[in-house]
Number of protein chains: 2
Amino acid sequence: MLDDVEQKILEVMLQDARISLKDLAARVGMSSPSVSERLRRLEERRVIRGYTVEIDPKALGYQLQAIVRIRPLPGQLQVVQKLIENTPEFGECDKVTGEDCYIARLFVRSIEQLDQVLDRIVDKAETHTAIVKMQPIRRRAPPLRLG
Amino acid sequence: MLDDVEQKILEVMLQDARISLKDLAARVGMSSPSVSERLRRLEERRVIRGYTVEIDPKALGYQLQAIVRIRPLPGQLQVVQKLIENTPEFGECDKVTGEDCYIARLFVRSIEQLDQVLDRIVDKAETHTAIVKMQPIRRRAPPLRLG
DNA sequence: CGTGAAATCCATGGCCG
DNA sequence: CGGCCATGGATTTCACG
C-alpha cells in the first residue's frame, strides 16, 4: 500500500507538516523534486487528505472534554444529527451501530456550559455523558505498515 | 483569548497548514514578517501544538472503525491501559468518568482483525464495541471565538 | 522515476514609522 | 507592533539518465 519512501515521508510529516521540502528530502534520502512529486501523488491518491494545525483546546479556554453517547427519540434522528452538526462545541461525532446512535466529543469551558449544551438535546434524545479525565492516546494515525 | 488576526490565521491554517507565509499574509491582510511573528507567538503560547498531515485510513486499507468502551476487571487497570497504548490500531483513547473507564477508537481492516484485537483484551476487561457507520463530524477544532 | 542545475519565488532579519 | 527591503534559502522547472 505504501513503499518505504512514502512511509518515511508520512512519518516525518505527521510530526511536522510544515517542514521544508529540502529538509524532508534530506530525512528520506532523496532530492527535493522527487519528494515533492511523491507528496503530490499521495495527495492525488487521497492518502493525504490535507495538512492541518493542532490546536490545544485548553489554551483556548476549553478546560473540559466530554464523550457523549446520544440516542435520539423516535422520529428525532435527523433533527438530532443536524443539532449536533450545528453545535460547534462538538469536535467529533460518529454514527455507530447499537443502541447509542451517535458518539460525540464535546469541548466546553465549564460544567455550566456542558449542562447548557446538553439541555438543547435533552428533549430530543437520551444521552450518557462521560467526562474526560485523561487522554492516554490523544490522536494517532493508523499503522502505516500493515499489521 | 484570540484577536481577530490570530483567529483568521488559525482558520486558514486549519484548512491548509502548508500554505506559504506570503499567501497566509495576503489572506489576513498583513505582511509576511508580521504573520510569521504571530505564528511564532501562537506556537510559543502553545495554542498551536504542531502541524500535521491528515491521513485517510481507508486509503491505507483500514475499512472499519470502531468505538470501544472498555472496563478493566479489578486489578487490571494499568495492564489494560498499557495494552491499549501498545496496540497501534487504537487511534484515540480517553480515560473517562463512569463505569466505562476508557473509550477508544480502533482502526481495522476487517471484522476478523477487529475480533483479533478485542480478543487480546477480553480476559482483562469488559468491552462494548460499536462499529462506525458514518462520521457526521470527522474532526473539528473547538470554536476559536468564545461561545 | 529519479537527479542536478538554473530561474523564480519566498522567508527572515534589520531598520524605520 | 507592523511595514518595507535586501539577502540568503527554498521551490519549481526542465533536460537528461
# chains A, B, ... in the order shown; residues from 1 in each chain; ligands from 1
>>> interface_residues(of="chain A", to="chain D", cutoff="10 Å", atoms="only C-alpha atoms (C1' of nucleotides)", output="VMD selection string")
chain A and resid 20 to 23 32 to 33 36
>>> write_last_selection(atoms="N, CA and C atoms", output="CSV table (one decimal), in the first residue's frame")
chain,number,residue,atom,x,y,z
A,20,SER,N,10.2,22.0,5.4
A,20,SER,CA,10.5,22.3,4.1
A,20,SER,C,10.8,21.1,3.2
A,21,LEU,N,10.6,21.1,1.9
A,21,LEU,CA,10.8,20.0,1.1
A,21,LEU,C,12.3,19.6,1.2
A,22,LYS,N,13.1,20.6,1.3
A,22,LYS,CA,14.6,20.3,1.3
A,22,LYS,C,14.9,19.4,2.6
A,23,ASP,N,14.4,19.9,3.7
A,23,ASP,CA,14.7,19.1,5.0
A,23,ASP,C,14.0,17.7,4.9
A,32,SER,N,14.8,17.0,-3.5
A,32,SER,CA,13.6,17.8,-3.3
A,32,SER,C,12.5,17.5,-4.3
A,33,PRO,N,12.9,17.6,-5.6
A,33,PRO,CA,11.9,17.4,-6.6
A,33,PRO,C,11.2,16.0,-6.5
A,36,SER,N,8.8,16.1,-3.6
A,36,SER,CA,7.7,16.9,-4.0
A,36,SER,C,6.7,16.1,-4.8
>>> residues_around(residues="region 105-110 of chain A", least_positions_apart="6", cutoff="7 Å", atoms="only C-alpha atoms (C1' of nucleotides)", output="CSV table (one decimal) with all heavy atoms, in the first residue's frame")
chain,number,residue,atom,x,y,z
A,61,GLY,N,-9.3,28.0,26.4
A,61,GLY,CA,-10.2,28.1,27.5
A,61,GLY,C,-11.2,26.9,27.6
A,61,GLY,O,-12.1,26.9,28.5
A,62,TYR,N,-11.0,25.9,26.7
A,62,TYR,CA,-11.9,24.8,26.9
A,62,TYR,C,-11.3,23.8,27.8
A,62,TYR,O,-10.5,22.9,27.5
A,62,TYR,CB,-12.2,24.1,25.5
A,62,TYR,CG,-12.9,25.1,24.6
A,62,TYR,CD1,-12.1,25.9,23.7
A,62,TYR,CD2,-14.2,25.2,24.6
A,62,TYR,CE1,-12.8,26.9,22.9
A,62,TYR,CE2,-14.9,26.1,23.8
A,62,TYR,CZ,-14.2,26.9,22.9
A,62,TYR,OH,-14.8,27.9,22.2
A,63,GLN,N,-11.6,23.9,29.1
A,63,GLN,CA,-11.0,23.2,30.2
A,63,GLN,C,-11.5,21.7,30.2
A,63,GLN,O,-10.9,20.9,30.9
A,63,GLN,CB,-11.2,23.8,31.5
A,63,GLN,CG,-10.7,25.3,31.6
A,63,GLN,CD,-9.2,25.4,31.4
A,63,GLN,OE1,-8.5,24.5,31.6
A,63,GLN,NE2,-8.8,26.6,31.0
A,64,LEU,N,-12.6,21.5,29.6
A,64,LEU,CA,-13.3,20.2,29.8
A,64,LEU,C,-13.6,19.6,28.5
A,64,LEU,O,-14.1,20.2,27.5
A,64,LEU,CB,-14.6,20.5,30.5
A,64,LEU,CG,-15.1,19.8,31.8
A,64,LEU,CD1,-13.9,19.7,32.8
A,64,LEU,CD2,-16.3,20.4,32.4
A,65,GLN,N,-13.4,18.3,28.4
A,65,GLN,CA,-13.9,17.5,27.3
A,65,GLN,C,-14.9,16.4,27.8
A,65,GLN,O,-14.6,15.9,28.9
A,65,GLN,CB,-12.8,16.8,26.5
A,65,GLN,CG,-12.0,17.7,25.7
A,65,GLN,CD,-10.9,17.0,24.8
A,65,GLN,OE1,-11.2,16.0,24.2
A,65,GLN,NE2,-9.7,17.6,24.8
A,66,ALA,N,-15.9,16.1,27.0
A,66,ALA,CA,-16.8,15.0,27.4
A,66,ALA,C,-17.0,14.2,26.2
A,66,ALA,O,-17.0,14.6,25.0
A,66,ALA,CB,-18.1,15.6,27.9
A,67,ILE,N,-17.3,12.9,26.4
A,67,ILE,CA,-17.7,12.0,25.4
A,67,ILE,C,-19.2,11.7,25.7
A,67,ILE,O,-19.6,11.3,26.8
A,67,ILE,CB,-17.0,10.6,25.4
A,67,ILE,CG1,-15.5,10.8,25.4
A,67,ILE,CG2,-17.4,9.7,24.3
A,67,ILE,CD1,-14.9,11.4,24.1
A,68,VAL,N,-20.0,12.0,24.7
A,68,VAL,CA,-21.5,11.9,24.9
A,68,VAL,C,-22.1,10.8,24.0
A,68,VAL,O,-21.8,10.9,22.8
A,68,VAL,CB,-22.2,13.2,24.6
A,68,VAL,CG1,-23.6,13.2,25.1
A,68,VAL,CG2,-21.5,14.4,25.3
A,89,GLU,N,-19.4,23.3,19.5
A,89,GLU,CA,-18.6,22.6,20.6
A,89,GLU,C,-18.4,21.1,20.4
A,89,GLU,O,-17.6,20.5,21.1
A,89,GLU,CB,-19.4,22.9,22.0
A,89,GLU,CG,-19.2,24.3,22.5
A,89,GLU,CD,-20.2,25.3,21.8
A,89,GLU,OE1,-21.1,24.8,21.1
A,89,GLU,OE2,-20.0,26.5,22.0
A,90,PHE,N,-19.2,20.5,19.5
A,90,PHE,CA,-18.9,19.1,19.2
A,90,PHE,C,-17.7,19.1,18.2
A,90,PHE,O,-17.8,19.7,17.1
A,90,PHE,CB,-20.1,18.5,18.5
A,90,PHE,CG,-21.2,18.1,19.5
A,90,PHE,CD1,-22.4,18.8,19.6
A,90,PHE,CD2,-21.0,17.0,20.4
A,90,PHE,CE1,-23.4,18.4,20.5
A,90,PHE,CE2,-22.0,16.7,21.3
A,90,PHE,CZ,-23.2,17.4,21.4
A,91,GLY,N,-16.7,18.4,18.6
A,91,GLY,CA,-15.5,18.3,17.8
A,91,GLY,C,-15.3,17.1,17.0
A,91,GLY,O,-14.4,16.9,16.2
A,92,GLU,N,-16.2,16.1,17.3
A,92,GLU,CA,-16.2,14.8,16.6
A,92,GLU,C,-17.5,14.2,16.8
A,92,GLU,O,-18.2,14.4,17.8
A,92,GLU,CB,-15.2,13.9,17.4
A,92,GLU,CG,-14.0,13.4,16.6
A,92,GLU,CD,-13.1,12.6,17.6
A,92,GLU,OE1,-13.6,11.8,18.4
A,92,GLU,OE2,-11.9,12.8,17.5
A,93,CYS,N,-18.0,13.5,15.8
A,93,CYS,CA,-19.3,12.7,16.0
A,93,CYS,C,-19.3,11.5,15.1
A,93,CYS,O,-19.1,11.7,13.9
A,93,CYS,CB,-20.5,13.6,15.8
A,93,CYS,SG,-22.0,12.7,15.9
B,142,PRO,N,-12.1,23.2,18.4
B,142,PRO,CA,-13.1,23.9,19.2
B,142,PRO,C,-13.3,25.3,18.7
B,142,PRO,O,-12.5,25.8,17.9
B,142,PRO,CB,-12.5,23.9,20.6
B,142,PRO,CG,-11.1,23.6,20.4
B,142,PRO,CD,-10.9,22.9,19.2
>>> interface_residues(of="chain C", to="chain B", cutoff="8 Å", atoms="only C-alpha atoms (C1' of nucleotides)", output="ChimeraX atom specification")
/C:10-12
>>> write_last_selection(atoms="N, CA and C atoms (P, O5', C5', C4', C3', O3' and C1' of nucleotides)", output="CSV table (one decimal), in the first residue's frame")
chain,number,residue,atom,x,y,z
C,10,DC,P,5.9,33.2,-4.1
C,10,DC,O5',6.8,32.9,-2.8
C,10,DC,C5',7.3,31.6,-2.6
C,10,DC,C4',8.0,31.5,-1.3
C,10,DC,C3',7.4,32.3,-0.1
C,10,DC,O3',7.5,31.5,1.0
C,10,DC,C1',9.7,33.0,-0.6
C,11,DA,P,7.0,32.0,2.4
C,11,DA,O5',8.3,32.2,3.3
C,11,DA,C5',9.2,31.1,3.4
C,11,DA,C4',10.4,31.4,4.2
C,11,DA,C3',10.0,32.0,5.6
C,11,DA,O3',11.0,31.5,6.5
C,11,DA,C1',11.2,33.6,4.3
C,12,DT,P,11.0,31.9,8.1
C,12,DT,O5',12.1,33.0,8.2
C,12,DT,C5',13.4,32.8,7.5
C,12,DT,C4',14.3,33.9,7.9
C,12,DT,C3',14.1,34.6,9.2
C,12,DT,O3',15.4,34.7,9.9
C,12,DT,C1',14.0,36.2,7.5
>>> select_by_dssp(residues="region 7-88 of chain B", states="strand (DSSP E)", output="list in words")
Ile48, Arg49, Gly50, Tyr51, Thr52, Val53, Glu54, Ile55, Leu64, Gln65, Ala66, Ile67, Val68, Arg69, Ile70, Arg71 and Pro72 of chain B
>>> write_last_selection(atoms="N, CA and C atoms", output="JSON list (two decimals), in the first residue's frame")
[["chain", "number", "residue", "atom", "x", "y", "z"],
["B", 48, "ILE", "N", -0.96, 26.70, 19.34],
["B", 48, "ILE", "CA", -0.62, 25.76, 18.27],
["B", 48, "ILE", "C", 0.30, 24.70, 18.84],
["B", 49, "ARG", "N", -0.17, 23.45, 18.79],
["B", 49, "ARG", "CA", 0.61, 22.34, 19.34],
["B", 49, "ARG", "C", 1.55, 21.79, 18.28],
["B", 50, "GLY", "N", 1.19, 21.99, 17.03],
["B", 50, "GLY", "CA", 2.02, 21.48, 15.94],
["B", 50, "GLY", "C", 1.25, 21.47, 14.64],
["B", 51, "TYR", "N", 1.91, 20.97, 13.61],
["B", 51, "TYR", "CA", 1.30, 20.88, 12.29],
["B", 51, "TYR", "C", 1.35, 19.43, 11.86],
["B", 52, "THR", "N", 0.26, 18.94, 11.31],
["B", 52, "THR", "CA", 0.26, 17.53, 10.96],
["B", 52, "THR", "C", -0.47, 17.26, 9.66],
["B", 53, "VAL", "N", -0.29, 16.04, 9.19],
["B", 53, "VAL", "CA", -0.91, 15.64, 7.94],
["B", 53, "VAL", "C", -2.11, 14.75, 8.27],
["B", 54, "GLU", "N", -3.21, 14.96, 7.57],
["B", 54, "GLU", "CA", -4.40, 14.14, 7.77],
["B", 54, "GLU", "C", -4.37, 12.98, 6.80],
["B", 55, "ILE", "N", -4.36, 11.79, 7.33],
["B", 55, "ILE", "CA", -4.27, 10.59, 6.51],
["B", 55, "ILE", "C", -5.62, 9.89, 6.49],
["B", 64, "LEU", "N", -12.59, -0.26, 8.38],
["B", 64, "LEU", "CA", -13.51, -0.27, 9.50],
["B", 64, "LEU", "C", -12.98, 0.55, 10.66],
["B", 65, "GLN", "N", -13.89, 1.32, 11.27],
["B", 65, "GLN", "CA", -13.54, 1.97, 12.53],
["B", 65, "GLN", "C", -14.55, 1.51, 13.57],
["B", 66, "ALA", "N", -14.09, 1.39, 14.80],
["B", 66, "ALA", "CA", -14.99, 1.04, 15.89],
["B", 66, "ALA", "C", -14.71, 1.91, 17.10],
["B", 67, "ILE", "N", -15.75, 2.19, 17.85],
["B", 67, "ILE", "CA", -15.58, 2.86, 19.14],
["B", 67, "ILE", "C", -15.79, 1.79, 20.21],
["B", 68, "VAL", "N", -14.79, 1.62, 21.05],
["B", 68, "VAL", "CA", -14.83, 0.56, 22.06],
["B", 68, "VAL", "C", -14.84, 1.16, 23.45],
["B", 69, "ARG", "N", -15.84, 0.80, 24.24],
["B", 69, "ARG", "CA", -15.86, 1.19, 25.66],
["B", 69, "ARG", "C", -15.26, 0.04, 26.45],
["B", 70, "ILE", "N", -14.34, 0.37, 27.31],
["B", 70, "ILE", "CA", -13.53, -0.66, 27.97],
["B", 70, "ILE", "C", -13.57, -0.49, 29.48],
["B", 71, "ARG", "N", -13.95, -1.54, 30.17],
["B", 71, "ARG", "CA", -14.00, -1.53, 31.63],
["B", 71, "ARG", "C", -13.09, -2.62, 32.18],
["B", 72, "PRO", "N", -11.91, -2.24, 32.58],
["B", 72, "PRO", "CA", -10.94, -3.24, 33.06],
["B", 72, "PRO", "C", -11.49, -4.00, 34.26]]
>>> select_by_dssp(residues="region 79-114 of chain A", states="alpha helix (DSSP H)", output="ChimeraX atom specification")
/A:79-85,111-114
>>> interface_residues(of="chain B", to="chain A", cutoff="7 Å", atoms="only C-alpha atoms", output="mmCIF file with C-alpha atoms, in the first residue's frame")
data_model
loop_
_atom_site.group_PDB
_atom_site.id
_atom_site.type_symbol
_atom_site.label_atom_id
_atom_site.label_comp_id
_atom_site.auth_asym_id
_atom_site.auth_seq_id
_atom_site.Cartn_x
_atom_site.Cartn_y
_atom_site.Cartn_z
ATOM 1 C CA MET B 1 -8.192 34.838 24.107
ATOM 2 C CA MET B 13 -4.157 27.083 8.771
ATOM 3 C CA LEU B 14 -6.817 24.575 9.861
ATOM 4 C CA GLN B 15 -7.686 24.251 6.173
ATOM 5 C CA ASP B 16 -4.138 24.182 4.835
ATOM 6 C CA ALA B 17 -1.216 24.156 7.214
ATOM 7 C CA ARG B 18 1.325 24.144 4.394
ATOM 8 C CA ARG B 46 1.133 26.524 22.890
ATOM 9 C CA VAL B 47 -2.157 27.464 21.288
ATOM 10 C CA ILE B 48 -0.618 25.760 18.270
ATOM 11 C CA ARG B 49 0.606 22.341 19.343
ATOM 12 C CA GLY B 50 2.021 21.482 15.945
ATOM 13 C CA TYR B 51 1.296 20.879 12.295
ATOM 14 C CA THR B 52 0.263 17.527 10.961
ATOM 15 C CA VAL B 53 -0.910 15.636 7.938
ATOM 16 C CA GLU B 54 -4.395 14.141 7.770
ATOM 17 C CA ILE B 55 -4.267 10.587 6.514
ATOM 18 C CA ASP B 56 -7.297 8.740 5.187
ATOM 19 C CA PRO B 57 -7.442 5.377 6.979
ATOM 20 C CA ALA B 59 -6.712 4.691 1.650
ATOM 21 C CA LEU B 60 -4.375 2.577 3.802
ATOM 22 C CA GLU B 85 -1.290 2.245 24.235
ATOM 23 C CA PRO B 88 -1.186 0.736 17.224
ATOM 24 C CA GLU B 89 -4.673 0.105 15.830
ATOM 25 C CA GLY B 91 -6.051 5.808 17.208
ATOM 26 C CA GLU B 92 -7.567 7.583 20.187
ATOM 27 C CA CYS B 93 -8.200 6.718 23.795
ATOM 28 C CA ASP B 94 -9.825 8.752 26.549
ATOM 29 C CA LYS B 95 -9.938 7.808 30.215
ATOM 30 C CA VAL B 96 -13.356 8.920 31.418
ATOM 31 C CA THR B 97 -15.665 9.059 34.407
ATOM 32 C CA GLY B 98 -18.360 6.422 34.765
ATOM 33 C CA PHE B 107 -8.825 1.296 13.014
ATOM 34 C CA ALA B 130 -19.837 -0.023 18.288
ATOM 35 C CA ILE B 131 -18.988 -0.064 14.577
ATOM 36 C CA VAL B 132 -18.753 3.367 12.955
ATOM 37 C CA LYS B 133 -21.306 3.645 10.137
ATOM 38 C CA MET B 134 -20.834 7.306 9.293
ATOM 39 C CA GLN B 135 -18.952 10.342 10.534
ATOM 40 C CA PRO B 136 -21.207 13.412 10.707
ATOM 41 C CA ILE B 137 -18.254 15.330 12.176
ATOM 42 C CA ARG B 138 -14.867 13.872 11.381
ATOM 43 C CA ARG B 139 -12.728 16.226 13.321
ATOM 44 C CA ARG B 140 -13.132 19.862 14.131
ATOM 45 C CA ALA B 141 -11.271 22.314 16.306
ATOM 46 C CA PRO B 142 -13.145 23.883 19.228
ATOM 47 C CA PRO B 143 -14.738 27.272 18.454
#
>>> atom_distance(atom1="C1' of DG2 (chain C)", atom2="CA of Glu44 (chain A)")
19.5 Å
>>> atom_distance(atom1="CA of Leu77 (chain B)", atom2="CA of Leu114 (chain B)")
21.3 Å
>>> atom_distance(atom1="CA of Arg40 (chain B)", atom2="CA of Asp4 (chain B)")
16.4 Å
>>> residues_around(residues="Arg120 (chain B)", least_positions_apart="3", cutoff="10 Å", atoms="only C-alpha atoms (C1' of nucleotides)", output="PyMOL selection string")
chain B and resi 80+83-84+87+115-117+123-125
>>> decode(residues="region 103-131 of chain A", atoms="N, CA, C and O atoms", output="mmCIF file, in the first residue's frame")
data_model
loop_
_atom_site.group_PDB
_atom_site.id
_atom_site.type_symbol
_atom_site.label_atom_id
_atom_site.label_comp_id
_atom_site.auth_asym_id
_atom_site.auth_seq_id
_atom_site.Cartn_x
_atom_site.Cartn_y
_atom_site.Cartn_z
ATOM 1 N N ILE A 103 -21.950 8.824 18.918
ATOM 2 C CA ILE A 103 -20.958 9.056 19.980
ATOM 3 C C ILE A 103 -20.184 10.300 19.576
ATOM 4 O O ILE A 103 -19.648 10.363 18.467
ATOM 5 N N ALA A 104 -20.171 11.287 20.473
ATOM 6 C CA ALA A 104 -19.609 12.582 20.094
ATOM 7 C C ALA A 104 -18.677 13.127 21.168
ATOM 8 O O ALA A 104 -18.794 12.792 22.343
ATOM 9 N N ARG A 105 -17.743 13.949 20.714
ATOM 10 C CA ARG A 105 -16.815 14.607 21.644
ATOM 11 C C ARG A 105 -17.196 16.073 21.774
ATOM 12 O O ARG A 105 -17.438 16.757 20.777
ATOM 13 N N LEU A 106 -17.219 16.543 23.001
ATOM 14 C CA LEU A 106 -17.654 17.900 23.294
ATOM 15 C C LEU A 106 -16.527 18.680 23.958
ATOM 16 O O LEU A 106 -15.884 18.190 24.876
ATOM 17 N N PHE A 107 -16.258 19.884 23.450
ATOM 18 C CA PHE A 107 -15.309 20.799 24.098
ATOM 19 C C PHE A 107 -16.097 21.877 24.819
ATOM 20 O O PHE A 107 -16.865 22.603 24.171
ATOM 21 N N VAL A 108 -15.920 22.004 26.118
ATOM 22 C CA VAL A 108 -16.615 23.066 26.853
ATOM 23 C C VAL A 108 -15.694 23.746 27.862
ATOM 24 O O VAL A 108 -14.656 23.206 28.231
ATOM 25 N N ARG A 109 -16.112 24.925 28.265
ATOM 26 C CA ARG A 109 -15.298 25.722 29.177
ATOM 27 C C ARG A 109 -15.566 25.410 30.635
ATOM 28 O O ARG A 109 -14.774 25.769 31.497
ATOM 29 N N SER A 110 -16.740 24.825 30.890
ATOM 30 C CA SER A 110 -17.145 24.636 32.281
ATOM 31 C C SER A 110 -18.276 23.611 32.336
ATOM 32 O O SER A 110 -18.889 23.302 31.314
ATOM 33 N N ILE A 111 -18.531 23.164 33.537
ATOM 34 C CA ILE A 111 -19.670 22.269 33.755
ATOM 35 C C ILE A 111 -20.958 22.989 33.365
ATOM 36 O O ILE A 111 -21.873 22.387 32.809
ATOM 37 N N GLU A 112 -21.026 24.281 33.645
ATOM 38 C CA GLU A 112 -22.214 25.055 33.297
ATOM 39 C C GLU A 112 -22.461 25.012 31.785
ATOM 40 O O GLU A 112 -23.582 24.840 31.330
ATOM 41 N N GLN A 113 -21.404 25.183 31.028
ATOM 42 C CA GLN A 113 -21.581 25.161 29.578
ATOM 43 C C GLN A 113 -21.943 23.761 29.091
ATOM 44 O O GLN A 113 -22.733 23.607 28.156
ATOM 45 N N LEU A 114 -21.374 22.751 29.738
ATOM 46 C CA LEU A 114 -21.733 21.366 29.400
ATOM 47 C C LEU A 114 -23.233 21.171 29.576
ATOM 48 O O LEU A 114 -23.931 20.661 28.688
ATOM 49 N N ASP A 115 -23.724 21.610 30.712
ATOM 50 C CA ASP A 115 -25.147 21.499 31.032
ATOM 51 C C ASP A 115 -25.999 22.212 29.987
ATOM 52 O O ASP A 115 -27.007 21.694 29.505
ATOM 53 N N GLN A 116 -25.528 23.390 29.627
ATOM 54 C CA GLN A 116 -26.233 24.222 28.658
ATOM 55 C C GLN A 116 -26.336 23.532 27.293
ATOM 56 O O GLN A 116 -27.412 23.502 26.686
ATOM 57 N N VAL A 117 -25.233 22.954 26.836
ATOM 58 C CA VAL A 117 -25.240 22.278 25.534
ATOM 59 C C VAL A 117 -26.146 21.049 25.580
ATOM 60 O O VAL A 117 -26.949 20.818 24.671
ATOM 61 N N LEU A 118 -26.028 20.271 26.662
ATOM 62 C CA LEU A 118 -26.824 19.043 26.757
ATOM 63 C C LEU A 118 -28.316 19.350 26.880
ATOM 64 O O LEU A 118 -29.153 18.591 26.391
ATOM 65 N N ASP A 119 -28.635 20.477 27.503
ATOM 66 C CA ASP A 119 -30.047 20.864 27.650
ATOM 67 C C ASP A 119 -30.738 21.081 26.308
ATOM 68 O O ASP A 119 -31.955 20.928 26.196
ATOM 69 N N ARG A 120 -29.960 21.434 25.296
ATOM 70 C CA ARG A 120 -30.565 21.659 23.982
ATOM 71 C C ARG A 120 -30.918 20.344 23.287
ATOM 72 O O ARG A 120 -31.605 20.328 22.276
ATOM 73 N N ILE A 121 -30.398 19.225 23.822
ATOM 74 C CA ILE A 121 -30.652 17.919 23.211
ATOM 75 C C ILE A 121 -31.627 17.100 24.040
ATOM 76 O O ILE A 121 -32.277 16.192 23.537
ATOM 77 N N VAL A 122 -31.745 17.445 25.300
ATOM 78 C CA VAL A 122 -32.357 16.541 26.276
ATOM 79 C C VAL A 122 -33.795 16.165 25.947
ATOM 80 O O VAL A 122 -34.239 15.056 26.261
ATOM 81 N N ASP A 123 -34.524 17.036 25.262
ATOM 82 C CA ASP A 123 -35.910 16.683 24.937
ATOM 83 C C ASP A 123 -36.026 15.964 23.586
ATOM 84 O O ASP A 123 -37.121 15.655 23.141
ATOM 85 N N LYS A 124 -34.901 15.716 22.934
ATOM 86 C CA LYS A 124 -34.930 15.031 21.639
ATOM 87 C C LYS A 124 -34.178 13.711 21.653
ATOM 88 O O LYS A 124 -34.230 12.947 20.699
ATOM 89 N N ALA A 125 -33.412 13.464 22.732
ATOM 90 C CA ALA A 125 -32.611 12.244 22.786
ATOM 91 C C ALA A 125 -32.244 11.882 24.227
ATOM 92 O O ALA A 125 -32.220 12.750 25.099
ATOM 93 N N GLU A 126 -31.997 10.615 24.432
ATOM 94 C CA GLU A 126 -31.372 10.154 25.680
ATOM 95 C C GLU A 126 -29.873 10.327 25.532
ATOM 96 O O GLU A 126 -29.310 9.984 24.485
ATOM 97 N N THR A 127 -29.212 10.792 26.573
ATOM 98 C CA THR A 127 -27.756 10.943 26.483
ATOM 99 C C THR A 127 -27.058 10.317 27.688
ATOM 100 O O THR A 127 -27.624 10.263 28.778
ATOM 101 N N HIS A 128 -25.842 9.830 27.437
ATOM 102 C CA HIS A 128 -24.954 9.386 28.515
ATOM 103 C C HIS A 128 -23.664 10.165 28.358
ATOM 104 O O HIS A 128 -23.035 10.101 27.299
ATOM 105 N N THR A 129 -23.281 10.861 29.406
ATOM 106 C CA THR A 129 -22.123 11.741 29.311
ATOM 107 C C THR A 129 -20.986 11.258 30.194
ATOM 108 O O THR A 129 -21.198 10.953 31.361
ATOM 109 N N ALA A 130 -19.802 11.175 29.627
ATOM 110 C CA ALA A 130 -18.613 10.798 30.399
ATOM 111 C C ALA A 130 -17.580 11.913 30.261
ATOM 112 O O ALA A 130 -17.237 12.319 29.153
ATOM 113 N N ILE A 131 -17.121 12.407 31.406
ATOM 114 C CA ILE A 131 -16.106 13.467 31.401
ATOM 115 C C ILE A 131 -14.727 12.862 31.163
ATOM 116 O O ILE A 131 -14.375 11.853 31.767
#
